[in-house]
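Enquirer: Take a look at this one; I'll ask things after.
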Amino acid sequence: MPTALITGITGQDGSYLAELLLEKGYRVIGVARRSSTVNYERINHLLDHITVVQGDLQDQGSLLAMLEEYKPTEVYNLAAQSFVPTSWNQPALTGDITAIGVTRMLEAIRFVNPKIRFYQASSSEMFGKVMEVPQSEETPFYPRSPYGVAKVYGHWITVNYRESFDIFAVSGILFNHESPRRGLEFVTRKISDGVAKIKTGKAKELRLGNLEAQRDWGFAGDYVQAMWLMLQQEKPDNYVIGTGETHSVREFCEIAFSHVGLDYKDFVVVDEKFYRPAEVDLLISDPSKAKKELKWNPSLSFDGLVKMMVDADLARLKNK
């Protein structure tokens with residue numbers, strides 16, 4: 001039975017990845033930071049089937065101890081300070097976790113067992129002020145937030161350890177991926193939750209920032225499949241994962257509201273306090289390499305994703 005260690009298991013991607021690996025017969029070790037309010041909401045249904053241990057990307061000793069005790073064959077580094085607006089308020093913390101934390105984990109692997117296969121969760125936010133459209137593995141980075149800058153460091157240190165120490169280290173440059181498990185602070189979930197609240201009479205408006213910002217949005221459940229596939233290849237490499245389509249925040253609103261028979265124009269209020277200091281305007285992936293080498297394709301359409309999220313939030317509110 002292979003053993004996988006997942007940092008950030010309590011997050012959206014961690015929960016979907018844990019489900020996938022359990023289905024494939026893995027022993028799953030989940031890493032959660034110790035805090036007074038650990039949120040296991042996304043993995044409550046898995047707690048009888050996985051092992052959750054305390055660890056922290058800011059603490060080298062805890063990483064060494066975990067690798068030595070559980071002897072994973074694969075490590076998926078999904079933990080990060082991943083909310084872009086927060087990275088402006090806490091840039092040093094974001095850098096320590098999202099950038100230097102990757103180095104700490106790679107150092108632990110190099111010290112304990114260099115044969116461990118390592119997955120680094122990179123991000124389309126690294127492209128930022130895009131240098132070409134669409135963005136591929138060869139597109140230069142131009143990050144536009146402390147989060148994006150930290151992810152660029154994490155990406156390149158992964159490549160560096162792969163080339164310097166012959167570690168099987170891959171970097172998955174994932175474009176935006178959403179689901180009903182997305183945090184409420186993210187715009188997609190903010191919209192689906194807002195639509196559900198307005199439809200059920202619990203809210204009268206939805207305040208958003210830049211409606212013209214465009215993203216390449218896919219389903220998180222599809223994207224964790226790509227993570228696993230990267231670690232099953234003969235050679236480690238970098239892969240862009242996305243749908244190859246772009247949609248605006250406005251379009252997300254149109255579909256979400258119309259799904260429940262409402263017009264978004266009657267409820268959405270643009271509020272400049274939600275604008276970013278430096279906006280990323282157009283992100284669209286070129287996933288052709290992943291499709292060719294990994295044989296990966298997304299299964300859920302943008303339209304289907306939006307409706308799934310709205311339906312899930314409606315069901316959640318009705319069950320309260």
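Ordering of the structure tokens sets the chain letters (A, B, ...); residue numbers start at 1 within each chain; ligands are numbered from 1 in the order shown.
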Can you list every residue in range 74-165 of chain A that DSSP puts in strand (DSSP E), as a list in words?
Expert: Glu74, Val75, Tyr76, Asn77, Arg117, Phe118, Tyr119, Gln120, Ala121, Ser122 and Ser123 of chain A
Enquirer: So that I can check the surroundings of Thr73 in chain A, please list as a list in words every protein, DNA and RNA residue that reaches within 10 Å of it, counting only C-alpha atoms and ignoring chain neighbours fewer than 4 positions away.
Expert: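 The residues satisfying every condition are Met1, Pro2, Thr3, Ala4, Leu5, Tyr26, Leu67, Asn113, Lys115, Ile116, Arg117 and Phe118 of chain A.
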Enquirer: Give me, as number ranges by chain, all polymer residues having an atom no more than 9 Å from Gln58 in chain A, counting only C-alpha atoms and skipping those fewer than 4 positions away in the same chain.
Expert: A: 62, 96-97, 100-101, 104
Enquirer: My list of candidates is A:Asp263, A:Leu46, A:Gly25, A:Ile157. Which is closest to Glu205 in chain A when distances are computed with only C-alpha atoms?
Expert: A:Asp263
Enquirer: What is the CA of Leu20 in chain A-CA of Ser122 in chain A distance in Å, reported with one decimal?
Expert: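 It comes out at 19.7 Å.
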Enquirer: When you draw a straight line from CA of Leu208 in chain A to CA of Val269 in chain A, how long is it in Å?
Expert: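 Computing the Euclidean distance for CA of Leu208 in chain A and CA of Val269 in chain A yields 6.2 Å.
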Enquirer: Report as JSON, numbers by chain: the residues of range 28-192 of chain A with a DSSP assignment of helix (DSSP H, G or I), based on the backbone of this structure.
Expert: {"A": [41, 42, 43, 44, 45, 46, 60, 61, 62, 63, 64, 65, 66, 67, 68, 69, 70, 84, 85, 86, 87, 88, 89, 91, 92, 93, 94, 95, 96, 97, 98, 99, 100, 101, 102, 103, 104, 105, 106, 107, 108, 109, 110, 111, 112, 124, 125, 126, 146, 147, 148, 149, 150, 151, 152, 153, 154, 155, 156, 157, 158, 159, 160, 161, 162, 163, 164, 165, 187, 188, 189, 190, 191, 192]}
Enquirer: Using only C-alpha atoms, which of A:Tyr153, A:Tyr16, A:Tyr264, A:Phe257 sits nearest Val306 in chain A?
Expert: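 Distance minimum relative to Val306 in chain A lands on A:Phe257.
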Enquirer: One decimal, in Å: what's the spacing between CA of Asn176 in chain A and CA of Phe274 in chain A?
Expert: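 Pair CA of Asn176 in chain A / CA of Phe274 in chain A returns 18.4 Å.
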Enquirer: Give me the residues near Gln120 in chain A as a compact mmCIF listing (two decimals) with C-alpha atoms, in the first residue's frame, where near means some atom within 12 Å (using only C-alpha atoms) and where sequence neighbours in that chain fewer than 6 positions away do not count.
Expert:
```
# COMPACT_ATOMS: atom_id res chain seq x y z
CA ILE A 6 -0.83 15.80 2.04
CA THR A 7 -0.13 19.23 3.51
CA GLY A 8 -3.19 21.45 3.51
CA GLU A 74 4.49 10.68 -2.28
CA VAL A 75 4.20 14.16 -0.76
CA TYR A 76 1.62 16.64 -2.04
CA ASN A 77 2.37 20.17 -0.84
CA LEU A 78 -0.97 21.96 -1.02
CA ALA A 79 -0.59 24.10 2.11
CA ALA A 80 -0.21 27.84 1.57
CA THR A 98 3.98 29.82 0.59
CA ALA A 99 7.61 30.29 -0.50
CA GLY A 101 7.78 26.50 3.38
CA VAL A 102 8.38 24.70 0.09
CA THR A 103 12.12 24.80 0.70
CA MET A 105 9.68 20.43 2.83
CA LEU A 106 12.16 19.78 0.02
CA LYS A 151 4.36 30.97 -5.58
CA VAL A 152 7.04 31.84 -8.16
CA TYR A 153 9.69 31.17 -5.51
CA GLY A 154 8.02 27.87 -4.61
CA HIS A 155 7.93 26.88 -8.27
CA TRP A 156 11.58 27.64 -8.98
CA ILE A 157 12.90 26.07 -5.78
CA THR A 158 11.04 22.90 -6.80
CA VAL A 159 12.72 22.96 -10.19
CA TYR A 161 15.88 20.72 -6.17
CA ARG A 162 14.83 18.50 -9.07
CA PHE A 168 11.30 13.57 -8.39
CA ALA A 169 9.74 17.00 -7.88
CA VAL A 170 6.92 18.25 -10.10
CA SER A 171 5.20 21.61 -10.29
CA GLY A 172 1.53 21.75 -11.20
CA ILE A 173 0.66 25.24 -12.46
CA LEU A 174 -3.03 25.08 -11.77
CA MET A 227 -1.83 16.14 -9.50
CA TRP A 228 -1.80 12.37 -9.06
CA MET A 230 2.05 14.00 -12.56
CA LEU A 231 3.61 11.80 -9.88
CA PRO A 236 9.29 14.80 -13.30
CA ASP A 237 8.22 17.96 -15.11
CA ASN A 238 6.04 21.08 -14.90
CA TYR A 239 2.48 21.06 -16.19
```
Enquirer: Considering only C-alpha atoms, give me a table of residues in range 214-287 of chain A that are at most 12 Å from range 313-319 of chain A, with the closest atom pair and distance in Å for each, as CSV.
Expert:
```
residue,atom,partner,partner_atom,distance
A:Ala256,CA,A:Asp313,CA,11.2
A:His259,CA,A:Leu314,CA,11.3
A:Val260,CA,A:Leu314,CA,9.7
```
Enquirer: Keeping C-alpha atoms for every residue in the selection just given, could you write it to a file as a compact mmCIF listing (two decimals), in the first residue's frame?
Expert:
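Wrote result.txt, looks like this:
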```txt
# COMPACT_ATOMS: atom_id res chain seq x y z
CA ALA A 256 -25.45 31.77 -11.18
CA HIS A 259 -29.98 29.37 -12.63
CA VAL A 260 -32.42 30.38 -9.86
```
Enquirer: When distances are computed from only C-alpha atoms, which of A:Thr139, A:Gln90, A:Ser258, A:Gln60 shows the smallest separation from Val195 in chain A?
Expert: A:Ser258
